[in-house]
$ cat data-v1.cif   # mmCIF, C-alpha atoms, pLDDT in the B column; chains and numbers go by the auth columns
data_coords
loop_
_atom_site.group_PDB
_atom_site.id
_atom_site.type_symbol
_atom_site.label_atom_id
_atom_site.label_comp_id
_atom_site.label_asym_id
_atom_site.label_seq_id
_atom_site.Cartn_x
_atom_site.Cartn_y
_atom_site.Cartn_z
_atom_site.B_iso_or_equiv
_atom_site.auth_seq_id
_atom_site.auth_asym_id
ATOM 1 C CA MET A 1 -21.510 -45.173 15.136 76.00 19 A
ATOM 2 C CA SER A 2 -22.363 -45.963 18.752 88.00 20 A
ATOM 3 C CA LEU A 3 -25.414 -48.147 19.339 96.00 21 A
ATOM 4 C CA THR A 4 -27.815 -47.438 22.211 97.00 22 A
ATOM 5 C CA LEU A 5 -28.185 -50.295 24.697 98.00 23 A
ATOM 6 C CA VAL A 6 -31.802 -50.599 25.879 98.00 24 A
ATOM 7 C CA PHE A 7 -31.597 -53.750 28.022 98.00 25 A
ATOM 8 C CA ASP A 8 -28.699 -55.966 29.096 98.00 26 A
ATOM 9 C CA HIS A 9 -29.457 -59.516 30.248 98.00 27 A
ATOM 10 C CA VAL A 10 -26.970 -62.294 30.961 98.00 28 A
ATOM 11 C CA ASP A 11 -28.394 -64.164 27.939 98.00 29 A
ATOM 12 C CA PHE A 12 -29.104 -61.351 25.475 98.00 30 A
ATOM 13 C CA LEU A 13 -28.867 -57.667 24.584 97.00 31 A
ATOM 14 C CA VAL A 14 -31.642 -55.410 23.335 98.00 32 A
ATOM 15 C CA LEU A 15 -30.501 -52.468 21.237 98.00 33 A
ATOM 16 C CA ASP A 16 -32.146 -49.453 19.643 98.00 34 A
ATOM 17 C CA LYS A 17 -31.359 -50.129 15.981 97.00 35 A
ATOM 18 C CA PRO A 18 -30.983 -46.876 14.032 96.00 36 A
ATOM 19 C CA SER A 19 -32.959 -46.337 10.838 96.00 37 A
ATOM 20 C CA GLY A 20 -30.694 -46.707 7.824 93.00 38 A
ATOM 21 C CA SER A 21 -28.383 -49.303 9.377 92.00 39 A
ATOM 22 C CA SER A 22 -28.188 -52.629 7.562 89.00 40 A
ATOM 23 C CA PHE A 23 -28.798 -55.708 9.681 85.00 41 A
ATOM 24 C CA HIS A 24 -26.011 -57.742 8.070 78.00 42 A
ATOM 25 C CA SER A 25 -22.692 -56.391 6.862 76.00 43 A
ATOM 26 C CA GLU A 26 -22.771 -55.337 3.218 71.00 44 A
ATOM 27 C CA PHE A 27 -20.494 -52.579 1.946 71.00 45 A
ATOM 28 C CA GLU A 28 -19.946 -51.575 5.558 77.00 46 A
ATOM 29 C CA ALA A 29 -20.362 -53.209 8.946 82.00 47 A
ATOM 30 C CA GLY A 30 -23.950 -54.173 9.737 90.00 48 A
ATOM 31 C CA VAL A 31 -25.637 -53.607 13.072 94.00 49 A
ATOM 32 C CA VAL A 32 -24.765 -57.093 14.369 94.00 50 A
ATOM 33 C CA ALA A 33 -21.066 -56.618 13.595 93.00 51 A
ATOM 34 C CA LEU A 34 -21.147 -53.117 15.082 95.00 52 A
ATOM 35 C CA ALA A 35 -22.723 -54.458 18.272 96.00 53 A
ATOM 36 C CA GLU A 36 -20.143 -57.239 18.555 96.00 54 A
ATOM 37 C CA ALA A 37 -17.334 -54.700 18.248 96.00 55 A
ATOM 38 C CA GLN A 38 -18.905 -52.188 20.640 97.00 56 A
ATOM 39 C CA PHE A 39 -19.727 -54.681 23.399 97.00 57 A
ATOM 40 C CA SER A 40 -16.834 -57.107 22.793 97.00 58 A
ATOM 41 C CA LEU A 41 -19.217 -60.067 22.539 96.00 59 A
ATOM 42 C CA LYS A 42 -20.112 -62.781 20.074 97.00 60 A
ATOM 43 C CA LEU A 43 -23.776 -62.134 19.307 97.00 61 A
ATOM 44 C CA TYR A 44 -26.411 -64.246 17.580 97.00 62 A
ATOM 45 C CA ALA A 45 -29.373 -62.956 15.575 95.00 63 A
ATOM 46 C CA VAL A 46 -32.810 -64.336 16.484 95.00 64 A
ATOM 47 C CA HIS A 47 -34.958 -61.908 14.461 94.00 65 A
ATOM 48 C CA ARG A 48 -34.181 -59.052 12.114 92.00 66 A
ATOM 49 C CA LEU A 49 -35.280 -55.548 11.167 95.00 67 A
ATOM 50 C CA ASP A 50 -35.255 -53.997 7.705 93.00 68 A
ATOM 51 C CA LYS A 51 -32.566 -51.421 6.961 94.00 69 A
ATOM 52 C CA GLY A 52 -34.991 -48.513 7.247 96.00 70 A
ATOM 53 C CA THR A 53 -36.715 -49.795 10.395 97.00 71 A
ATOM 54 C CA SER A 54 -35.575 -48.510 13.771 98.00 72 A
ATOM 55 C CA GLY A 55 -36.204 -49.801 17.252 98.00 73 A
ATOM 56 C CA LEU A 56 -35.922 -52.820 19.490 98.00 74 A
ATOM 57 C CA LEU A 57 -33.495 -55.473 18.251 98.00 75 A
ATOM 58 C CA LEU A 58 -32.783 -58.541 20.376 98.00 76 A
ATOM 59 C CA LEU A 59 -29.414 -60.322 20.023 98.00 77 A
ATOM 60 C CA ALA A 60 -28.516 -63.483 21.952 98.00 78 A
ATOM 61 C CA LYS A 61 -25.183 -63.905 23.733 98.00 79 A
ATOM 62 C CA SER A 62 -24.907 -67.667 23.114 98.00 80 A
ATOM 63 C CA SER A 63 -26.026 -70.209 20.553 98.00 81 A
ATOM 64 C CA GLU A 64 -28.126 -71.912 23.255 98.00 82 A
ATOM 65 C CA ALA A 65 -29.980 -68.694 24.096 98.00 83 A
ATOM 66 C CA ALA A 66 -30.367 -67.960 20.376 98.00 84 A
ATOM 67 C CA ALA A 67 -32.030 -71.339 19.783 98.00 85 A
ATOM 68 C CA ASP A 68 -34.453 -70.844 22.680 98.00 86 A
ATOM 69 C CA LEU A 69 -35.303 -67.255 21.720 98.00 87 A
ATOM 70 C CA SER A 70 -35.807 -68.266 18.092 96.00 88 A
ATOM 71 C CA GLN A 71 -38.232 -70.923 19.292 96.00 89 A
ATOM 72 C CA LEU A 72 -40.160 -68.324 21.293 97.00 90 A
ATOM 73 C CA PHE A 73 -40.477 -66.152 18.172 95.00 91 A
ATOM 74 C CA GLN A 74 -41.552 -69.135 16.085 91.00 92 A
ATOM 75 C CA ASN A 75 -44.171 -70.191 18.648 92.00 93 A
ATOM 76 C CA GLN A 76 -45.621 -66.653 18.905 90.00 94 A
ATOM 77 C CA GLN A 77 -44.502 -66.412 22.532 95.00 95 A
ATOM 78 C CA ILE A 78 -42.844 -63.043 21.964 97.00 96 A
ATOM 79 C CA GLN A 79 -45.341 -60.258 21.401 97.00 97 A
ATOM 80 C CA LYS A 80 -44.070 -57.642 18.935 97.00 98 A
ATOM 81 C CA PHE A 81 -45.569 -54.223 18.269 98.00 99 A
ATOM 82 C CA TYR A 82 -44.607 -51.795 15.513 98.00 100 A
ATOM 83 C CA LEU A 83 -45.334 -48.096 15.124 98.00 101 A
ATOM 84 C CA ALA A 84 -45.848 -46.727 11.610 98.00 102 A
ATOM 85 C CA LEU A 85 -47.006 -43.442 10.076 98.00 103 A
ATOM 86 C CA THR A 86 -48.792 -42.695 6.811 97.00 104 A
ATOM 87 C CA ASP A 87 -50.183 -39.666 4.989 96.00 105 A
ATOM 88 C CA GLN A 88 -52.579 -41.840 2.972 96.00 106 A
ATOM 89 C CA LYS A 89 -56.203 -42.693 3.722 94.00 107 A
ATOM 90 C CA PRO A 90 -56.553 -46.370 4.702 96.00 108 A
ATOM 91 C CA LYS A 91 -59.389 -48.605 3.505 96.00 109 A
ATOM 92 C CA LYS A 92 -60.074 -49.380 7.156 96.00 110 A
ATOM 93 C CA LYS A 93 -58.904 -47.890 10.444 96.00 111 A
ATOM 94 C CA GLN A 94 -58.247 -51.158 12.248 97.00 112 A
ATOM 95 C CA GLY A 95 -58.504 -54.874 11.685 98.00 113 A
ATOM 96 C CA TRP A 96 -56.832 -58.014 10.383 98.00 114 A
ATOM 97 C CA VAL A 97 -54.527 -58.303 7.403 97.00 115 A
ATOM 98 C CA LYS A 98 -54.041 -61.932 6.351 97.00 116 A
ATOM 99 C CA GLY A 99 -52.628 -63.505 3.214 96.00 117 A
ATOM 100 C CA ASP A 100 -49.725 -65.281 1.622 96.00 118 A
ATOM 101 C CA MET A 101 -46.825 -63.101 0.507 96.00 119 A
ATOM 102 C CA VAL A 102 -45.153 -63.588 -2.866 94.00 120 A
ATOM 103 C CA GLN A 103 -42.239 -61.753 -4.424 92.00 121 A
ATOM 104 C CA ALA A 104 -43.045 -58.932 -6.805 88.00 122 A
ATOM 105 C CA ARG A 105 -40.735 -56.578 -8.694 85.00 123 A
ATOM 106 C CA ARG A 106 -37.769 -54.579 -7.372 83.00 124 A
ATOM 107 C CA SER A 107 -37.282 -56.708 -4.228 87.00 125 A
ATOM 108 C CA ALA A 108 -40.845 -55.933 -3.153 94.00 126 A
ATOM 109 C CA TRP A 109 -43.460 -58.383 -1.917 96.00 127 A
ATOM 110 C CA LYS A 110 -47.218 -58.460 -2.383 93.00 128 A
ATOM 111 C CA LEU A 111 -50.115 -59.942 -0.465 95.00 129 A
ATOM 112 C CA THR A 112 -52.358 -62.566 -2.051 95.00 130 A
ATOM 113 C CA SER A 113 -55.805 -63.820 -1.082 93.00 131 A
ATOM 114 C CA THR A 114 -54.573 -67.337 -0.312 94.00 132 A
ATOM 115 C CA LEU A 115 -53.782 -68.523 3.218 94.00 133 A
ATOM 116 C CA THR A 116 -51.404 -71.450 2.648 94.00 134 A
ATOM 117 C CA ASN A 117 -48.603 -69.980 4.783 92.00 135 A
ATOM 118 C CA ALA A 118 -50.134 -66.644 5.614 95.00 136 A
ATOM 119 C CA ALA A 119 -48.647 -63.473 7.002 95.00 137 A
ATOM 120 C CA VAL A 120 -51.007 -62.378 9.781 97.00 138 A
ATOM 121 C CA SER A 121 -51.176 -58.939 11.415 97.00 139 A
ATOM 122 C CA TYR A 122 -53.711 -56.889 13.345 98.00 140 A
ATOM 123 C CA PHE A 123 -53.587 -53.105 13.553 98.00 141 A
ATOM 124 C CA VAL A 124 -55.244 -50.120 15.162 98.00 142 A
ATOM 125 C CA SER A 125 -54.783 -46.508 14.071 97.00 143 A
ATOM 126 C CA ALA A 126 -55.447 -42.929 15.054 96.00 144 A
ATOM 127 C CA PHE A 127 -55.032 -39.351 13.868 93.00 145 A
ATOM 128 C CA TYR A 128 -52.561 -37.420 15.995 88.00 146 A
ATOM 129 C CA GLN A 129 -53.296 -33.743 15.275 80.00 147 A
ATOM 130 C CA VAL A 130 -51.036 -33.370 12.254 80.00 148 A
ATOM 131 C CA GLU A 131 -53.070 -32.763 9.108 80.00 149 A
ATOM 132 C CA GLY A 132 -53.274 -35.819 6.897 85.00 150 A
ATOM 133 C CA ARG A 133 -51.206 -38.010 9.191 93.00 151 A
ATOM 134 C CA ARG A 134 -52.303 -41.275 10.785 97.00 152 A
ATOM 135 C CA ALA A 135 -50.371 -43.434 13.231 98.00 153 A
ATOM 136 C CA PHE A 136 -50.642 -47.218 13.200 98.00 154 A
ATOM 137 C CA LEU A 137 -49.891 -49.667 15.976 98.00 155 A
ATOM 138 C CA VAL A 138 -49.371 -53.064 14.364 98.00 156 A
ATOM 139 C CA LYS A 139 -49.125 -56.461 16.026 98.00 157 A
ATOM 140 C CA PRO A 140 -47.709 -59.084 13.643 97.00 158 A
ATOM 141 C CA PHE A 141 -48.532 -62.654 14.613 95.00 159 A
ATOM 142 C CA THR A 142 -46.070 -64.074 12.081 94.00 160 A
ATOM 143 C CA GLY A 143 -42.610 -62.968 10.997 92.00 161 A
ATOM 144 C CA LYS A 144 -42.422 -62.548 7.230 93.00 162 A
ATOM 145 C CA THR A 145 -40.070 -60.302 5.248 92.00 163 A
ATOM 146 C CA HIS A 146 -41.574 -56.797 4.868 96.00 164 A
ATOM 147 C CA GLN A 147 -44.731 -58.038 6.611 97.00 165 A
ATOM 148 C CA VAL A 148 -45.833 -54.762 8.230 98.00 166 A
ATOM 149 C CA ARG A 149 -44.919 -52.726 5.161 98.00 167 A
ATOM 150 C CA VAL A 150 -46.926 -54.986 2.855 98.00 168 A
ATOM 151 C CA ALA A 151 -49.851 -55.202 5.294 97.00 169 A
ATOM 152 C CA LEU A 152 -50.299 -51.427 5.408 98.00 170 A
ATOM 153 C CA LYS A 153 -49.780 -51.068 1.656 97.00 171 A
ATOM 154 C CA SER A 154 -52.584 -53.638 1.189 96.00 172 A
ATOM 155 C CA VAL A 155 -55.035 -51.354 3.032 97.00 173 A
ATOM 156 C CA SER A 156 -53.962 -48.329 0.935 97.00 174 A
ATOM 157 C CA ALA A 157 -51.814 -46.864 3.720 97.00 175 A
ATOM 158 C CA ALA A 158 -48.234 -47.213 2.514 98.00 176 A
ATOM 159 C CA ILE A 159 -45.802 -46.154 5.219 98.00 177 A
ATOM 160 C CA LEU A 160 -44.388 -42.640 5.022 98.00 178 A
ATOM 161 C CA GLY A 161 -40.932 -42.826 3.463 98.00 179 A
ATOM 162 C CA ASP A 162 -41.514 -46.330 2.043 98.00 180 A
ATOM 163 C CA GLU A 163 -41.046 -45.545 -1.643 97.00 181 A
ATOM 164 C CA LEU A 164 -40.630 -49.250 -2.516 96.00 182 A
ATOM 165 C CA TYR A 165 -44.340 -49.633 -1.640 97.00 183 A
ATOM 166 C CA GLN A 166 -45.504 -46.274 -3.068 96.00 184 A
ATOM 167 C CA GLY A 167 -45.186 -44.380 0.185 97.00 185 A
ATOM 168 C CA THR A 168 -44.573 -40.632 0.115 97.00 186 A
ATOM 169 C CA ALA A 169 -40.887 -39.671 0.153 97.00 187 A
ATOM 170 C CA ALA A 170 -39.631 -38.609 3.591 97.00 188 A
ATOM 171 C CA ASP A 171 -36.447 -38.226 5.629 97.00 189 A
ATOM 172 C CA ARG A 172 -36.655 -41.882 6.762 98.00 190 A
ATOM 173 C CA LEU A 173 -38.863 -44.966 6.694 98.00 191 A
ATOM 174 C CA TYR A 174 -41.457 -44.275 9.381 98.00 192 A
ATOM 175 C CA LEU A 175 -41.530 -47.791 10.809 98.00 193 A
ATOM 176 C CA HIS A 176 -40.305 -48.484 14.338 98.00 194 A
ATOM 177 C CA ALA A 177 -40.080 -51.693 16.397 98.00 195 A
ATOM 178 C CA TYR A 178 -41.873 -50.230 19.399 98.00 196 A
ATOM 179 C CA ALA A 179 -42.384 -52.970 21.996 98.00 197 A
ATOM 180 C CA LEU A 180 -41.434 -56.539 22.956 98.00 198 A
ATOM 181 C CA TYR A 181 -43.099 -58.661 25.642 98.00 199 A
ATOM 182 C CA PHE A 182 -42.044 -62.183 26.603 98.00 200 A
ATOM 183 C CA SER A 183 -41.190 -64.510 29.470 98.00 201 A
ATOM 184 C CA TRP A 184 -37.571 -65.630 29.827 97.00 202 A
ATOM 185 C CA ARG A 185 -36.360 -68.171 32.370 94.00 203 A
ATOM 186 C CA GLY A 186 -39.296 -67.332 34.633 94.00 204 A
ATOM 187 C CA THR A 187 -38.948 -63.547 34.329 96.00 205 A
ATOM 188 C CA ASP A 188 -41.392 -61.340 32.444 97.00 206 A
ATOM 189 C CA ILE A 189 -39.605 -58.985 30.052 98.00 207 A
ATOM 190 C CA LYS A 190 -41.457 -55.835 28.998 98.00 208 A
ATOM 191 C CA LEU A 191 -39.729 -53.348 26.707 98.00 209 A
ATOM 192 C CA VAL A 192 -41.370 -50.257 25.193 98.00 210 A
ATOM 193 C CA LEU A 193 -39.194 -47.813 23.261 98.00 211 A
ATOM 194 C CA PRO A 194 -40.584 -44.645 21.615 97.00 212 A
ATOM 195 C CA PRO A 195 -38.759 -43.588 18.430 97.00 213 A
ATOM 196 C CA SER A 196 -35.844 -41.201 18.847 95.00 214 A
ATOM 197 C CA ASP A 197 -35.268 -39.874 15.321 96.00 215 A
ATOM 198 C CA GLY A 198 -37.279 -38.638 12.356 97.00 216 A
ATOM 199 C CA THR A 199 -39.097 -35.318 12.161 95.00 217 A
ATOM 200 C CA GLU A 200 -42.542 -36.923 12.021 95.00 218 A
ATOM 201 C CA PHE A 201 -41.844 -39.397 14.838 97.00 219 A
ATOM 202 C CA LEU A 202 -40.765 -36.529 17.089 96.00 220 A
ATOM 203 C CA SER A 203 -43.983 -34.564 16.566 94.00 221 A
ATOM 204 C CA PRO A 204 -45.176 -33.459 20.033 94.00 222 A
ATOM 205 C CA SER A 205 -48.762 -34.495 19.212 93.00 223 A
ATOM 206 C CA LEU A 206 -47.633 -38.017 18.244 96.00 224 A
ATOM 207 C CA LEU A 207 -45.495 -38.411 21.357 95.00 225 A
ATOM 208 C CA GLN A 208 -48.428 -37.217 23.454 95.00 226 A
ATOM 209 C CA HIS A 209 -50.685 -39.803 21.802 95.00 227 A
ATOM 210 C CA LEU A 210 -48.160 -42.572 22.521 97.00 228 A
ATOM 211 C CA ASP A 211 -47.900 -41.516 26.145 96.00 229 A
ATOM 212 C CA GLN A 212 -51.658 -41.227 26.682 96.00 230 A
ATOM 213 C CA HIS A 213 -52.991 -44.128 24.603 97.00 231 A
ATOM 214 C CA TRP A 214 -50.262 -46.522 23.435 98.00 232 A
ATOM 215 C CA ALA A 215 -47.768 -46.444 26.299 98.00 233 A
ATOM 216 C CA GLU A 216 -48.584 -50.095 27.148 97.00 234 A
ATOM 217 C CA PRO A 217 -49.466 -51.634 23.771 98.00 235 A
ATOM 218 C CA ALA A 218 -49.890 -55.179 25.126 97.00 236 A
ATOM 219 C CA LEU A 219 -52.707 -53.981 27.394 96.00 237 A
ATOM 220 C CA LEU A 220 -54.913 -52.892 24.496 97.00 238 A
ATOM 221 C CA ASP A 221 -57.770 -55.146 23.421 95.00 239 A
ATOM 222 C CA TRP A 222 -55.997 -57.320 20.847 97.00 240 A
ATOM 223 C CA PRO A 223 -57.752 -60.329 19.316 95.00 241 A
ATOM 224 C CA SER A 224 -56.108 -63.727 19.637 91.00 242 A
ATOM 225 C CA TYR A 225 -54.681 -65.741 16.785 89.00 243 A
ATOM 226 C CA GLN A 226 -53.676 -69.390 16.734 81.00 244 A
ATOM 227 C CA LYS A 227 -51.337 -70.472 13.977 76.00 245 A
ATOM 228 C CA PRO A 228 -52.908 -73.376 12.055 72.00 246 A
ATOM 229 C CA THR A 229 -51.323 -76.772 12.542 64.00 247 A
ATOM 230 C CA THR A 230 -50.672 -79.043 9.586 52.00 248 A
ATOM 231 C CA SER A 231 -49.813 -82.696 9.304 42.00 249 A
ATOM 232 C CA LYS A 232 -46.880 -81.976 7.010 44.00 250 A
ATOM 233 C CA VAL A 233 -44.451 -79.167 6.428 41.00 251 A
ATOM 234 C CA VAL A 234 -45.196 -76.992 3.412 42.00 252 A
ATOM 235 C CA GLU A 235 -41.964 -76.011 1.690 40.00 253 A
#
$ encode --input "data-v1.cif" --output "structure tokens"
Amino acid sequence: MSLTLVFDHVDFLVLDKPSGSSFHSEFEAGVVALAEAQFSLKLYAVHRLDKGTSGLLLLAKSSEAAADLSQLFQNQQIQKFYLALTDQKPKKKQGWVKGDMVQARRSAWKLTSTLTNAAVSYFVSAFYQVEGRRAFLVKPFTGKTHQVRVALKSVSAAILGDELYQGTAADRLYLHAYALYFSWRGTDIKLVLPPSDGTEFLSPSLLQHLDQHWAEPALLDWPSYQKPTTSKVVE
């Protein structure tokens, strides 16, 4: 499998991760190992995407760059935006989703009402002229496992194809890492990548909506969020 290179910087690569490709090597080579082989580079992970999630994946070319990029992610200095689809009716059409995440059954997670070490996301949504379908643009302010999937499940809008969280069966998980914005060594990096596979993602009405309304997701009116500071680390 050949990976699509989206952006090549002296310090990092940005790839279009295919849906269905494992991040780490399991029974077959994962996307990091595939990228190392394809580009003949030692690469370092600084964030990850679930197996079913497609889209923008950033890999550092050195341990030094990896440490600095990881710090940017940790400090919320990299803006991330995800695109998701559902055929379910959400409890609300936009807003915050905040709460601690705890493990549930079958490798799933669930959201609680506590805010000790909360997963925090904000989302907007819209119909896109396909009956019963709604598109979500989600901005996570933290980086928890399955965060976007659990956030949308918590508002009764499980992602299409996400059967682990009671989503309707589909040809893929309809979750895509859509955009990354950050400053690196004095240069502003802006990457927006529409999805390239999946019948529902390639709907002309959805692509038209992205082009007309969500082509520059960082320019929408997003609320701010400041991660709480604590006097001690909570394990």
$ closest_residue --input "data-v1.cif" --among "A:Ala153, A:Ile177, A:Val168, A:Tyr183" --to "Leu225 (chain A)" --atoms "all atoms listed in the file"
A:Ala153
$ resolve_selection --input "data-v1.cif" --expression "the PyMOL selection byres ((chain A and resi 85-90) around 10)" --output "list in words"
Asp29, Phe30, Tyr62, Ala63, Val64, His65, Leu76, Leu77, Ala78, Ser80, Ser81, Glu82, Ala83, Ala84, Phe91, Gln92, Asn93, Gln94, Gln95, Ile96, Gln97, Phe200, Ser201 and Trp202 of chain A
$ write_last_selection --input "data-v1.cif" --atoms "C-alpha atoms" --output "PDB file, in the coordinates of the input"
ATOM      1  CA  ASP A  29     -28.394 -64.164  27.939  1.00 98.00           C
ATOM      2  CA  PHE A  30     -29.104 -61.351  25.475  1.00 98.00           C
ATOM      3  CA  TYR A  62     -26.411 -64.246  17.580  1.00 97.00           C
ATOM      4  CA  ALA A  63     -29.373 -62.956  15.575  1.00 95.00           C
ATOM      5  CA  VAL A  64     -32.810 -64.336  16.484  1.00 95.00           C
ATOM      6  CA  HIS A  65     -34.958 -61.908  14.461  1.00 94.00           C
ATOM      7  CA  LEU A  76     -32.783 -58.541  20.376  1.00 98.00           C
ATOM      8  CA  LEU A  77     -29.414 -60.322  20.023  1.00 98.00           C
ATOM      9  CA  ALA A  78     -28.516 -63.483  21.952  1.00 98.00           C
ATOM     10  CA  SER A  80     -24.907 -67.667  23.114  1.00 98.00           C
ATOM     11  CA  SER A  81     -26.026 -70.209  20.553  1.00 98.00           C
ATOM     12  CA  GLU A  82     -28.126 -71.912  23.255  1.00 98.00           C
ATOM     13  CA  ALA A  83     -29.980 -68.694  24.096  1.00 98.00           C
ATOM     14  CA  ALA A  84     -30.367 -67.960  20.376  1.00 98.00           C
ATOM     15  CA  PHE A  91     -40.477 -66.152  18.172  1.00 95.00           C
ATOM     16  CA  GLN A  92     -41.552 -69.135  16.085  1.00 91.00           C
ATOM     17  CA  ASN A  93     -44.171 -70.191  18.648  1.00 92.00           C
ATOM     18  CA  GLN A  94     -45.621 -66.653  18.905  1.00 90.00           C
ATOM     19  CA  GLN A  95     -44.502 -66.412  22.532  1.00 95.00           C
ATOM     20  CA  ILE A  96     -42.844 -63.043  21.964  1.00 97.00           C
ATOM     21  CA  GLN A  97     -45.341 -60.258  21.401  1.00 97.00           C
ATOM     22  CA  PHE A 200     -42.044 -62.183  26.603  1.00 98.00           C
ATOM     23  CA  SER A 201     -41.190 -64.510  29.470  1.00 98.00           C
ATOM     24  CA  TRP A 202     -37.571 -65.630  29.827  1.00 97.00           C
TER      25      TRP A 202
END
$ residues_near_point --input "data-v1.cif" --point "(-47.5, -55.5, 18.8)" --cutoff "12 Å" --atoms "only C-alpha atoms" --output "NGL selection string"
:A and (74 or 94-102 or 138-142 or 154-161 or 166 or 194-200 or 208-210 or 232-242)
$ resolve_selection --input "data-v1.cif" --expression "the PyMOL selection byres ((chain A and resi 47-60) around 9)" --output "JSON list (two decimals) with C-alpha atoms, keeping the file's coordinate frame"
[["chain", "number", "residue", "atom", "x", "y", "z"],
["A", 19, "MET", "CA", -21.51, -45.17, 15.14],
["A", 20, "SER", "CA", -22.36, -45.96, 18.75],
["A", 21, "LEU", "CA", -25.41, -48.15, 19.34],
["A", 33, "LEU", "CA", -30.50, -52.47, 21.24],
["A", 35, "LYS", "CA", -31.36, -50.13, 15.98],
["A", 36, "PRO", "CA", -30.98, -46.88, 14.03],
["A", 39, "SER", "CA", -28.38, -49.30, 9.38],
["A", 40, "SER", "CA", -28.19, -52.63, 7.56],
["A", 41, "PHE", "CA", -28.80, -55.71, 9.68],
["A", 42, "HIS", "CA", -26.01, -57.74, 8.07],
["A", 43, "SER", "CA", -22.69, -56.39, 6.86],
["A", 44, "GLU", "CA", -22.77, -55.34, 3.22],
["A", 45, "PHE", "CA", -20.49, -52.58, 1.95],
["A", 46, "GLU", "CA", -19.95, -51.58, 5.56],
["A", 61, "LEU", "CA", -23.78, -62.13, 19.31],
["A", 62, "TYR", "CA", -26.41, -64.25, 17.58],
["A", 63, "ALA", "CA", -29.37, -62.96, 15.58],
["A", 77, "LEU", "CA", -29.41, -60.32, 20.02],
["A", 78, "ALA", "CA", -28.52, -63.48, 21.95],
["A", 79, "LYS", "CA", -25.18, -63.90, 23.73],
["A", 80, "SER", "CA", -24.91, -67.67, 23.11]]
$ atom_distance --input "data-v1.cif" --atom1 "CA of Gly38 (chain A)" --atom2 "CA of Gly117 (chain A)"
28.0 Å
$ atom_distance --input "data-v1.cif" --atom1 "CA of Ala175 (chain A)" --atom2 "CA of Lys110 (chain A)"
9.3 Å
$ closest_residue --input "data-v1.cif" --among "A:Ser172, A:Gln165, A:Ser223, A:Ser131" --to "Arg151 (chain A)" --atoms "only C-alpha atoms"
A:Ser223
$ closest_residue --input "data-v1.cif" --among "A:Lys171, A:Arg152, A:Lys245, A:Arg124" --to "Ala137 (chain A)" --atoms "all atoms listed in the file"
A:Lys245
$ atom_distance --input "data-v1.cif" --atom1 "CA of Thr130 (chain A)" --atom2 "CA of Ala187 (chain A)"
25.7 Å
$ closest_residue --input "data-v1.cif" --among "A:Ala188, A:Pro213, A:Asp105, A:Tyr243" --to "Phe145 (chain A)" --atoms "all atoms listed in the file"
A:Asp105
$ axis_aligned_box --input "data-v1.cif" --around "region 230-243 of chain A" --padding-each-side "6 Å" --output "AutoDock Vina command-line options"
--center_x -52.8 --center_y -53.5 --center_z 22.1 --size_x 22.0 --size_y 36.5 --size_z 22.6
$ closest_residue --input "data-v1.cif" --among "A:Leu67, A:Leu170, A:Leu228, A:Ala122" --to "Leu211 (chain A)" --atoms "only C-alpha atoms"
A:Leu228
$ closest_residue --input "data-v1.cif" --among "A:Lys162, A:Arg167, A:Arg123, A:His227" --to "Gly179 (chain A)" --atoms "only C-alpha atoms"
A:Arg167
$ residues_around --input "data-v1.cif" --residues "Ser214 (chain A)" --least-positions-apart "4" --cutoff "10 Å" --atoms "all atoms listed in the file" --output "list in words"
Asp34, Pro36, Ser37, Ser72, Gly73, His194, Phe219 and Leu220 of chain A
$ resolve_selection --input "data-v1.cif" --expression "the PyMOL selection byres ((chain A and resi 192) around 6)" --output "mmCIF file with C-alpha atoms, in the frame of the given file"
data_model
loop_
_atom_site.group_PDB
_atom_site.id
_atom_site.type_symbol
_atom_site.label_atom_id
_atom_site.label_comp_id
_atom_site.auth_asym_id
_atom_site.auth_seq_id
_atom_site.Cartn_x
_atom_site.Cartn_y
_atom_site.Cartn_z
ATOM 1 C CA ALA A 102 -45.848 -46.727 11.610
ATOM 2 C CA LEU A 103 -47.006 -43.442 10.076
ATOM 3 C CA LEU A 178 -44.388 -42.640 5.022
ATOM 4 C CA ARG A 190 -36.655 -41.882 6.762
ATOM 5 C CA LEU A 191 -38.863 -44.966 6.694
ATOM 6 C CA LEU A 193 -41.530 -47.791 10.809
#
$ residues_around --input "data-v1.cif" --residues "Pro246 (chain A)" --least-positions-apart "5" --cutoff "10 Å" --atoms "only C-alpha atoms" --output "list in words"
Thr134, Asn135 and Ala136 of chain A
